[in-house]
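What follows is a short report on a single structure.
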Amino acid sequence: MSDTRRRVKVYTLNEDRQWDDRGTGHVSSTFVERLKGISLLVRAESDGSLLLESKISPNTAYQKQQDTLIVWSEAENYDLALSFQEKAGCDEIWEKICQVQGKDPALEITQDPIDESEEERFEEMPETSHLVELPPCELARLEEIADLVTSVLSSPIRREKLALALMSEGYMKKLLQLFQMCEDLDNREGLHHLYEIVRGVLFLNKAALFEVMFSDDCIMDVVGCLEFDPALVQPKRHREFLTKTAKFKEVIPITDSELRQKIHQTYRVQYIQDIILPTPSVFEENFLSTLTSFIFFNKVEIVSMLQEDEKFLTEVFAQLTDEATEDGKRRELVNFFKEFCAFSQTLQPQNRDAFFKTLANLGILPALEIVMGMDDLQVRAAATDIFSYLVEFSPSMVREFVMQEPQQTDDDVLLINVVIKQMICDSDPELGGAVQLMGLIRTLVDPENMLAPTNKTEKTEFLSFFYKYCMQVLTAPLLASTVDEKNCKDLQEGSTKVNPVCPDNFQTAQLLALILELLTFCVEHHTYHIKTYIMNKDLLRRVLVLMNSKHTFLALCALRFMRRIIGQKDEYYNRYIVKGNLFEPVINTLLDNGTRYNLLNSAIIELFEFIKVEDIKSLIAHIIDNYYKALESIEYVQTFKGLKGRYEQEKDRQTLRLNRYRRDARTLDEDEEMWFNEDEDDDEGEAIERSKPEEEFPESYGKYMEAKKVKESDNKENFPKRAPTGSFKFTFSHSAGAANGTNGANCKPSTSPASAASSNGSPAKSAAPPATPVVKTAMVGLVDYPDDEDEEEEDEEQSPRKRPRLGS
């Protein structure tokens with residue numbers, strides 16, 4: 001259906017009393033057999049799917065608002081709305097609804113929203129009592145009118161009847177004329193009554209009344225009435241603010257008068273809701289739901305009208321990026337875009353997507369790159385707000401743009417580097433802008449939102465880009481502040497010069513804390529990239545210089561960075577910490593803190609407690625070997641004694657592991673000695689076969705023995721010649737093998753039994769008699785126990801020449 005009169009948007013009211021857009025389509029009214037009645041059908045214009053199927057119930061209250069809206073409730077807490085593109089289409093469907101319900105289409109509401117008890121009372125009332133009689137609109141009757149308006153607010157049906165009466169014969173406009181008279185006469189009593197009347201009329205929550213009250217010729221009088229709150233000694237000056245202080249600026253002339261009027265109206269109504277009207281109580285919060293809807297649909301309409309005017313937006317972008325544009329003009333253009341993006345937050349997701357895609361196609365990101373690098377603080381602040389809207393909307397879109405930049409620009413003017421520099425150079429003493437920008441950078445580098453199925457390589461590509469082009473810019477203040485710790489200390493000790501990058505400058509300390517917070521996030525989420533960067537730049541050593549800062553929050557940030565690194569339980573990190581002796585500044589800080597029980601003390605203790613609980617052996621050994629003498633006096637916690645206990649346990653475990661294979665040859669059991677003393681000609685096959693009696697397999701045994709004799713004769717021909725000055729010696733001393741980091745069966749030339757037995761440095765008399773010389777290399781396999789290879793590796797690790805020094 002291409003008829004634009006029937007083109008509508010379908011909205012539902014969510015739990016937060018905000019309208020959710022369910023889609024755009026075309027509405028029709030037709031008989032539906034399944035529902036057994038005339039129904040409203042809306043089919044999506046994109047694919048023809050059914051967006052809405054709602055039977056027009058005779059008892060449902062339909063309400064017509066703003067000439068292009070029809071609102072109704074189908075069930076408890078389930079409100080629906082149709083927003084028509086054209087008034088004619090709205091009128092057509094409204095007439096159909098009224099026809100089904102037998103109502104006059106001139107009404108703005110078809111039913112009274114009343115509960116059962118009130119409906120019963122209403123049915124018992126005489127017909128003439130359906131109407132509310134308003135007193136004549138005169139100065140002398142203002143008190144009576146105010147009492148009437150106030151009294152009906154508790155009754156839905158009386159509110160409705162009063163609304164109908166107020167809309168008849170231009171009653172609201174007459175009341176506002178009385179306001180002008182009262183103000184001219186300085187009639188404070190009458191002005192106070194008009195305040196109560198106008199406030200009560202707003203609480204009637206009727207769109208038709210709002211249309212009258214918020215029209216151009218009435219709205220300022222409405223604001224004037226609301227200035228005279230009886231609870232105030234002096235009236236507020238809201239009109240003065242709206243007419244003189246709040247100036248409407250057209251950065252590019254708006255030729256559409258309807259759009260201009262809608263912008264004025266929306267701003268003023270928003271001011272009434274947010275500033276003038278008191279915060280509604282729990283019992284009144286639903287009284288202004290129609291006012292909220294009025295503002296919402298106005299904003300949707302404004303954004304849609306601006307978005308569709310491509311000529312207008314193109315001109316705005318052209319002037320924004322033009323170098324010839326004056327600073328004042330550019331400031332206004334950026335503020336316009338800021339307001340434009342703020343309005344877009346009222347749109348539903350699919351509409352907001354279309355809005356930001358329009359801005360992206362027009363070049364919003366290159367424009368931001370220019371304006372964020374300008375000196376004007378107001379321009380930069382507004383540009384930051386716009387950038388935050390874009391990052392919140394689509395981090396992937398921003399990442400895609402910045403990754404394309406190195407092909408066409410220098411590193412210094414990359415958008416993300418411009419953002420980082422603005423964070424670093426924030427002149428606000430509280431670094432409010434820097435905090436906001438740090439949050440945006442964190443969002444951009446967060447792998448959790450890099451999981452878009454359309455680009456599976458986004459995470460790898462962007463992180464590689466970030467660490468190549470941007471990380472050095474982010475860490476520059478940190479590296480500069482810790483490059484020369486001595487100079488920084490000299491400044492603290494009395495120099496009148498101020499070092500702008502000294503960690504003890506409060507504002508710089510705040511900045512470094514922000515940078516450390518971001519780096520700590522990277523340690524947890526980036527693993528490989530940040531690990532490589534930390535190792536290459538020796539970053540942890542530089543960070544730990546900040547443990548000397550007089551600002552405890554900065555020292556805690558540095559400690560948190562180290563704690564997160566240790567929390568990864570990565571041996572690469574652990575070896576880096578041990579090799580660099582990086583616990584020293586932490587322990588010095590703990591000792592300097594003394595017995596003070598504070599957050600710094602607790603955080604350091606927790607760091608060592610984590611190492612103990614997780615039993616990180618390399619760090620425990622390093623701490624005990626190097627620092628235990630300084631730490632053993634700390635007894636108010638058991639952490640360091642626990643570390644010592646872990647250390648001793650591991651040391652005992654290693655000793656036992658070594659002693660397991662260091663048995664003296666004299667401890668060999670009888671079976672082993674019998675085996676060693678067997679005839680040197682016995683081979684592996686014979687040893688296995690001998691374990692079975694010959695009677696069990698006489699035939700096969702005979703064949704086996706014949707084959708064995710043939711094999712032995714062959715082997716004898718291949719025996720090596722014995723050296724005249726010595727002999728091949730095989731020793732099976734496990735202690736010797738273990739001490740030398742070799743297999744338990746050692747094969748080496750020896751000139752005497754004593755030299756072999758004392759190969760591990762022990763006295764010759766402690767060794768067992770040498771085994772019978774064996775020259776067949778096949779015998780070595782018989783003592784190659786299944787776990788010898790594993791033991792060999794362990795022995796190499798625990799060799800006194802290779803393992804770390806464990807002695808205290």
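Letters A, B, ... go to the chains of the structure tokens in the order shown; residues in each chain start at 1; ligands are counted from 1 in the same order.
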- Message: Just want the 9 Å neighbourhood of Leu259 in chain A, counted on only C-alpha atoms, with same-chain residues fewer than 6 positions away dropped. Output as a PyMOL selection string.
- Response: chain A and resi 301-302+305-306
Residues as selected, N, CA, C and O atoms, written as a PDB file, in the first residue's frame, can you do that?
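Output file result.pdb follows:
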```
ATOM      1  N   GLU A 301       9.844  14.055  15.734  1.00  0.00           N
ATOM      2  CA  GLU A 301       9.479  14.779  14.513  1.00  0.00           C
ATOM      3  C   GLU A 301      10.582  15.754  14.098  1.00  0.00           C
ATOM      4  O   GLU A 301      10.904  15.875  12.905  1.00  0.00           O
ATOM      5  N   ILE A 302      11.193  16.433  15.078  1.00  0.00           N
ATOM      6  CA  ILE A 302      12.269  17.389  14.769  1.00  0.00           C
ATOM      7  C   ILE A 302      13.464  16.669  14.144  1.00  0.00           C
ATOM      8  O   ILE A 302      14.008  17.095  13.121  1.00  0.00           O
ATOM      9  N   MET A 305      12.670  15.504  10.597  1.00  0.00           N
ATOM     10  CA  MET A 305      12.623  16.599   9.623  1.00  0.00           C
ATOM     11  C   MET A 305      14.028  17.101   9.283  1.00  0.00           C
ATOM     12  O   MET A 305      14.345  17.378   8.121  1.00  0.00           O
ATOM     13  N   LEU A 306      14.897  17.198  10.296  1.00  0.00           N
ATOM     14  CA  LEU A 306      16.268  17.636  10.034  1.00  0.00           C
ATOM     15  C   LEU A 306      17.054  16.576   9.255  1.00  0.00           C
ATOM     16  O   LEU A 306      17.834  16.892   8.364  1.00  0.00           O
TER      17      LEU A 306
END
```
- Message: Report as a PyMOL selection string all protein, DNA and RNA residues lying within 12 Å of Asn361 in chain A, evaluated on only C-alpha atoms, omitting residues in the same chain fewer than 5 positions from it.
- Response: chain A and resi 310+313-314+317+354-356+366-367+397+401
Using N, CA, C and O atoms, can you write the selected residues to a file as a PDB file, in the first residue's frame?
```pdb
ATOM      1  N   GLU A 310      18.777  16.888   3.661  1.00  0.00           N
ATOM      2  CA  GLU A 310      20.198  16.655   3.425  1.00  0.00           C
ATOM      3  C   GLU A 310      20.930  17.946   3.055  1.00  0.00           C
ATOM      4  O   GLU A 310      22.110  18.117   3.365  1.00  0.00           O
ATOM      5  N   LEU A 313      21.939  19.652   6.392  1.00  0.00           N
ATOM      6  CA  LEU A 313      23.042  19.001   7.084  1.00  0.00           C
ATOM      7  C   LEU A 313      24.354  19.129   6.309  1.00  0.00           C
ATOM      8  O   LEU A 313      25.425  19.312   6.903  1.00  0.00           O
ATOM      9  N   THR A 314      24.284  19.029   4.995  1.00  0.00           N
ATOM     10  CA  THR A 314      25.498  19.178   4.180  1.00  0.00           C
ATOM     11  C   THR A 314      26.113  20.550   4.367  1.00  0.00           C
ATOM     12  O   THR A 314      27.343  20.700   4.484  1.00  0.00           O
ATOM     13  N   PHE A 317      27.896  20.721   7.807  1.00  0.00           N
ATOM     14  CA  PHE A 317      29.206  20.066   7.793  1.00  0.00           C
ATOM     15  C   PHE A 317      30.230  20.898   7.023  1.00  0.00           C
ATOM     16  O   PHE A 317      31.396  20.985   7.424  1.00  0.00           O
ATOM     17  N   ALA A 354      19.750   4.591  11.874  1.00  0.00           N
ATOM     18  CA  ALA A 354      19.662   5.347  10.616  1.00  0.00           C
ATOM     19  C   ALA A 354      20.200   6.770  10.792  1.00  0.00           C
ATOM     20  O   ALA A 354      20.866   7.307   9.907  1.00  0.00           O
ATOM     21  N   PHE A 355      19.927   7.355  11.953  1.00  0.00           N
ATOM     22  CA  PHE A 355      20.385   8.722  12.224  1.00  0.00           C
ATOM     23  C   PHE A 355      21.909   8.800  12.213  1.00  0.00           C
ATOM     24  O   PHE A 355      22.511   9.641  11.529  1.00  0.00           O
ATOM     25  N   PHE A 356      22.570   7.914  12.980  1.00  0.00           N
ATOM     26  CA  PHE A 356      24.030   7.973  13.062  1.00  0.00           C
ATOM     27  C   PHE A 356      24.692   7.545  11.752  1.00  0.00           C
ATOM     28  O   PHE A 356      25.784   8.023  11.417  1.00  0.00           O
ATOM     29  N   PRO A 366      35.539  12.688  10.422  1.00  0.00           N
ATOM     30  CA  PRO A 366      36.607  13.612   9.996  1.00  0.00           C
ATOM     31  C   PRO A 366      36.392  15.029  10.525  1.00  0.00           C
ATOM     32  O   PRO A 366      37.362  15.723  10.867  1.00  0.00           O
ATOM     33  N   ALA A 367      35.136  15.457  10.619  1.00  0.00           N
ATOM     34  CA  ALA A 367      34.852  16.789  11.161  1.00  0.00           C
ATOM     35  C   ALA A 367      35.251  16.866  12.636  1.00  0.00           C
ATOM     36  O   ALA A 367      35.838  17.851  13.094  1.00  0.00           O
ATOM     37  N   MET A 397      32.236   1.193  14.358  1.00  0.00           N
ATOM     38  CA  MET A 397      32.265   2.211  13.306  1.00  0.00           C
ATOM     39  C   MET A 397      33.442   3.167  13.530  1.00  0.00           C
ATOM     40  O   MET A 397      34.163   3.523  12.575  1.00  0.00           O
ATOM     41  N   PHE A 401      37.000   3.553  11.213  1.00  0.00           N
ATOM     42  CA  PHE A 401      37.470   4.834  10.680  1.00  0.00           C
ATOM     43  C   PHE A 401      38.926   5.090  11.064  1.00  0.00           C
ATOM     44  O   PHE A 401      39.752   5.454  10.220  1.00  0.00           O
TER      45      PHE A 401
END
```
Please build the interface table for range 588-646 of chain A against range 550-559 of chain A with a cut-off of 9 Å, listing for each qualifying residue the nearest atom pair and the distance in Å to one decimal; count only C-alpha atoms, order rows by chain and increasing number, and write it as a Markdown table.
```
| residue | atom | partner | partner_atom | distance |
| --- | --- | --- | --- | --- |
| A:Leu599 | CA | A:Leu556 | CA | 8.4 |
| A:Leu600 | CA | A:Leu556 | CA | 6.4 |
| A:Ala603 | CA | A:Leu556 | CA | 7.7 |
| A:Ile604 | CA | A:Leu559 | CA | 7.5 |
| A:Leu607 | CA | A:Leu559 | CA | 8.6 |
```
Dump all heavy atoms for the selected residues as a PDB file, in the first residue's frame?
```pdb
ATOM      1  N   LEU A 599      44.857   1.838  53.888  1.00  0.00           N
ATOM      2  CA  LEU A 599      44.548   1.125  52.648  1.00  0.00           C
ATOM      3  C   LEU A 599      45.813   0.658  51.939  1.00  0.00           C
ATOM      4  O   LEU A 599      45.844  -0.449  51.377  1.00  0.00           O
ATOM      5  CB  LEU A 599      43.733   2.046  51.724  1.00  0.00           C
ATOM      6  CG  LEU A 599      43.230   1.427  50.418  1.00  0.00           C
ATOM      7  CD1 LEU A 599      42.386   0.195  50.680  1.00  0.00           C
ATOM      8  CD2 LEU A 599      42.433   2.464  49.627  1.00  0.00           C
ATOM      9  N   LEU A 600      46.845   1.478  51.961  1.00  0.00           N
ATOM     10  CA  LEU A 600      48.099   1.098  51.300  1.00  0.00           C
ATOM     11  C   LEU A 600      48.677  -0.154  51.953  1.00  0.00           C
ATOM     12  O   LEU A 600      49.109  -1.092  51.262  1.00  0.00           O
ATOM     13  CB  LEU A 600      49.086   2.261  51.384  1.00  0.00           C
ATOM     14  CG  LEU A 600      50.424   2.059  50.667  1.00  0.00           C
ATOM     15  CD1 LEU A 600      50.210   1.847  49.174  1.00  0.00           C
ATOM     16  CD2 LEU A 600      51.335   3.257  50.902  1.00  0.00           C
ATOM     17  N   ALA A 603      46.563  -3.187  50.988  1.00  0.00           N
ATOM     18  CA  ALA A 603      46.712  -3.581  49.582  1.00  0.00           C
ATOM     19  C   ALA A 603      48.021  -4.335  49.363  1.00  0.00           C
ATOM     20  O   ALA A 603      48.061  -5.325  48.609  1.00  0.00           O
ATOM     21  CB  ALA A 603      46.661  -2.341  48.691  1.00  0.00           C
ATOM     22  N   ILE A 604      49.105  -3.890  50.022  1.00  0.00           N
ATOM     23  CA  ILE A 604      50.387  -4.590  49.870  1.00  0.00           C
ATOM     24  C   ILE A 604      50.315  -5.972  50.510  1.00  0.00           C
ATOM     25  O   ILE A 604      50.775  -6.970  49.933  1.00  0.00           O
ATOM     26  CB  ILE A 604      51.520  -3.747  50.487  1.00  0.00           C
ATOM     27  CG1 ILE A 604      51.684  -2.436  49.715  1.00  0.00           C
ATOM     28  CG2 ILE A 604      52.831  -4.533  50.462  1.00  0.00           C
ATOM     29  CD1 ILE A 604      52.707  -1.483  50.307  1.00  0.00           C
ATOM     30  N   LEU A 607      48.566  -8.343  48.276  1.00  0.00           N
ATOM     31  CA  LEU A 607      49.405  -8.782  47.165  1.00  0.00           C
ATOM     32  C   LEU A 607      50.214 -10.018  47.568  1.00  0.00           C
ATOM     33  O   LEU A 607      50.230 -11.032  46.846  1.00  0.00           O
ATOM     34  CB  LEU A 607      50.337  -7.649  46.746  1.00  0.00           C
ATOM     35  CG  LEU A 607      51.409  -7.990  45.711  1.00  0.00           C
ATOM     36  CD1 LEU A 607      50.773  -8.291  44.371  1.00  0.00           C
ATOM     37  CD2 LEU A 607      52.411  -6.850  45.574  1.00  0.00           C
TER      38      LEU A 607
END
```
Which residues of range 597-629 of chain A come within 12 Å of range 586-593 of chain A, and for each one, what is the closest pair of atoms and their distance in Å to one decimal, counting only C-alpha atoms, sorted by chain and residue number, as JSON lines?
```
{"residue": "A:Tyr597", "atom": "CA", "partner": "A:Asn593", "partner_atom": "CA", "distance": 8.6}
{"residue": "A:Asn598", "atom": "CA", "partner": "A:Asn593", "partner_atom": "CA", "distance": 8.9}
{"residue": "A:Leu599", "atom": "CA", "partner": "A:Asn593", "partner_atom": "CA", "distance": 10.6}
{"residue": "A:Leu600", "atom": "CA", "partner": "A:Leu590", "partner_atom": "CA", "distance": 8.0}
{"residue": "A:Asn601", "atom": "CA", "partner": "A:Leu590", "partner_atom": "CA", "distance": 6.4}
{"residue": "A:Ser602", "atom": "CA", "partner": "A:Leu590", "partner_atom": "CA", "distance": 9.6}
{"residue": "A:Ala603", "atom": "CA", "partner": "A:Leu590", "partner_atom": "CA", "distance": 9.8}
{"residue": "A:Ile604", "atom": "CA", "partner": "A:Leu590", "partner_atom": "CA", "distance": 6.9}
{"residue": "A:Ile605", "atom": "CA", "partner": "A:Leu590", "partner_atom": "CA", "distance": 8.5}
{"residue": "A:Glu606", "atom": "CA", "partner": "A:Leu590", "partner_atom": "CA", "distance": 11.7}
{"residue": "A:Leu607", "atom": "CA", "partner": "A:Val586", "partner_atom": "CA", "distance": 9.8}
{"residue": "A:Phe608", "atom": "CA", "partner": "A:Ile587", "partner_atom": "CA", "distance": 10.1}
{"residue": "A:Ile623", "atom": "CA", "partner": "A:Ile587", "partner_atom": "CA", "distance": 9.8}
{"residue": "A:Asn626", "atom": "CA", "partner": "A:Ile587", "partner_atom": "CA", "distance": 10.9}
{"residue": "A:Tyr627", "atom": "CA", "partner": "A:Ile587", "partner_atom": "CA", "distance": 8.1}
{"residue": "A:Tyr628", "atom": "CA", "partner": "A:Ile587", "partner_atom": "CA", "distance": 10.4}
{"residue": "A:Lys629", "atom": "CA", "partner": "A:Ile587", "partner_atom": "CA", "distance": 11.7}
```
Report as an mmCIF file with C-alpha atoms, in the first residue's frame all protein, DNA and RNA residues lying within 12 Å of Glu571 in chain A, evaluated on only C-alpha atoms, omitting residues in the same chain fewer than 4 positions from it.
```cif
data_model
loop_
_atom_site.group_PDB
_atom_site.id
_atom_site.type_symbol
_atom_site.label_atom_id
_atom_site.label_comp_id
_atom_site.auth_asym_id
_atom_site.auth_seq_id
_atom_site.Cartn_x
_atom_site.Cartn_y
_atom_site.Cartn_z
ATOM 1 C CA LYS A 531 52.767 -8.187 27.808
ATOM 2 C CA ILE A 565 50.120 -8.466 36.422
ATOM 3 C CA ILE A 566 50.815 -11.002 39.176
ATOM 4 C CA GLY A 567 47.150 -11.998 39.073
ATOM 5 C CA ARG A 575 60.542 -14.112 35.565
ATOM 6 C CA TYR A 576 60.474 -10.457 34.521
ATOM 7 C CA ILE A 577 59.649 -9.402 38.101
ATOM 8 C CA VAL A 578 62.324 -11.660 39.620
ATOM 9 C CA LYS A 579 65.016 -10.632 37.154
ATOM 10 C CA ILE A 616 53.448 -19.009 42.985
ATOM 11 C CA LYS A 617 56.732 -20.827 43.659
ATOM 12 C CA SER A 618 59.138 -18.661 41.680
ATOM 13 C CA LEU A 619 57.925 -15.477 43.396
#
```
- Task: Give me the residues within 8 Å of Val334 in chain A as a list in words, counting only C-alpha atoms and dropping any in the same chain fewer than 6 places off.
- Result: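 Counting only the stated atoms, we get Leu320, Val379, Ala382 and Ala383 of chain A.
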Just N, CA, C and O atoms for this one: save the residues we selected as a PDB file, in the first residue's frame.
```
ATOM      1  N   LEU A 320      31.329  23.704   9.196  1.00  0.00           N
ATOM      2  CA  LEU A 320      32.027  23.216  10.379  1.00  0.00           C
ATOM      3  C   LEU A 320      33.492  22.924  10.079  1.00  0.00           C
ATOM      4  O   LEU A 320      34.381  23.202  10.902  1.00  0.00           O
ATOM      5  N   VAL A 379      34.430  24.404  22.235  1.00  0.00           N
ATOM      6  CA  VAL A 379      34.289  23.576  21.029  1.00  0.00           C
ATOM      7  C   VAL A 379      34.757  22.154  21.321  1.00  0.00           C
ATOM      8  O   VAL A 379      34.104  21.178  20.944  1.00  0.00           O
ATOM      9  N   ALA A 382      32.187  20.290  23.510  1.00  0.00           N
ATOM     10  CA  ALA A 382      31.007  19.868  22.754  1.00  0.00           C
ATOM     11  C   ALA A 382      31.363  18.730  21.799  1.00  0.00           C
ATOM     12  O   ALA A 382      30.586  17.768  21.639  1.00  0.00           O
ATOM     13  N   ALA A 383      32.542  18.820  21.163  1.00  0.00           N
ATOM     14  CA  ALA A 383      32.967  17.755  20.254  1.00  0.00           C
ATOM     15  C   ALA A 383      33.159  16.443  21.008  1.00  0.00           C
ATOM     16  O   ALA A 383      32.857  15.359  20.487  1.00  0.00           O
TER      17      ALA A 383
END
```
- Task: Within 9 Å of range 18-32 of chain A, counting only C-alpha atoms, which residues show up once you throw out same-chain ones fewer than 3 positions away? Write them as an NGL selection string, please.
- Result: :A and (1-15 or 35-46 or 48 or 50-52 or 55 or 80-82 or 89 or 93 or 96-97 or 292-293 or 296 or 346-351)
- Task: Apply DSSP to the backbone of this structure and, from range 262-332 of chain A, keep only the residues in helix (DSSP H, G or I); write these as a count of residues only.
- Result: 53
Selection: 10 Å around Phe312 in chain A, only C-alpha atoms, excl. self and same-chain fewer than 3 positions, as a JSON list (two decimals) with N, CA and C atoms, in the first residue's frame:
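Ended up saving to selection-v5.json:
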```json
[["chain", "number", "residue", "atom", "x", "y", "z"],
["A", 252, "ILE", "N", 22.41, 27.55, 10.67],
["A", 252, "ILE", "CA", 22.08, 27.62, 9.25],
["A", 252, "ILE", "C", 20.61, 27.98, 9.20],
["A", 253, "PRO", "N", 20.22, 28.98, 8.46],
["A", 253, "PRO", "CA", 18.81, 29.40, 8.45],
["A", 253, "PRO", "C", 17.87, 28.23, 8.17],
["A", 254, "ILE", "N", 16.85, 28.09, 9.02],
["A", 254, "ILE", "CA", 15.84, 27.05, 8.84],
["A", 254, "ILE", "C", 14.67, 27.68, 8.08],
["A", 255, "THR", "N", 14.48, 27.22, 6.89],
["A", 255, "THR", "CA", 13.43, 27.80, 6.04],
["A", 255, "THR", "C", 12.07, 27.23, 6.33],
["A", 306, "LEU", "N", 14.90, 17.20, 10.30],
["A", 306, "LEU", "CA", 16.27, 17.64, 10.03],
["A", 306, "LEU", "C", 17.05, 16.58, 9.26],
["A", 307, "GLN", "N", 16.83, 15.32, 9.64],
["A", 307, "GLN", "CA", 17.58, 14.24, 8.99],
["A", 307, "GLN", "C", 17.21, 14.12, 7.51],
["A", 308, "GLU", "N", 15.98, 14.39, 7.20],
["A", 308, "GLU", "CA", 15.54, 14.29, 5.80],
["A", 308, "GLU", "C", 16.00, 15.48, 4.96],
["A", 309, "ASP", "N", 16.38, 16.57, 5.61],
["A", 309, "ASP", "CA", 16.84, 17.75, 4.88],
["A", 309, "ASP", "C", 18.35, 17.65, 4.67],
["A", 315, "GLU", "N", 25.27, 21.57, 4.44],
["A", 315, "GLU", "CA", 25.76, 22.93, 4.64],
["A", 315, "GLU", "C", 26.38, 23.09, 6.03],
["A", 316, "VAL", "N", 25.78, 22.44, 7.03],
["A", 316, "VAL", "CA", 26.33, 22.51, 8.38],
["A", 316, "VAL", "C", 27.73, 21.90, 8.42],
["A", 317, "PHE", "N", 27.90, 20.72, 7.81],
["A", 317, "PHE", "CA", 29.21, 20.07, 7.79],
["A", 317, "PHE", "C", 30.23, 20.90, 7.02]]
```
- Item | Neighbour list for range 187-204 of chain A as a VMD selection string, cut-off 10 Å, only C-alpha atoms, skip fewer than 2 positions in-chain | chain A and resid 139 to 153 156 158 to 160 162 to 163 166 172 175 to 176 178 to 185 206 to 207 209 to 210 213 222 to 231 235 277 to 278 280 284 to 291
- Query: Any idea what the distance is between CA of Glu369 in chain A and CA of Ile424 in chain A?
  - Reply: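 Answer for the CA of Glu369 in chain A to CA of Ile424 in chain A separation: 16.3 Å.
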- Task: Grab the CA of Phe340 in chain A to CA of His264 in chain A distance for me, in Å with one decimal place.
- Result: 14.2 Å
- So how many Å separate CA of Thr266 in chain A and CA of Asp16 in chain A, to one decimal?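 Those two atoms sit 21.0 Å apart.
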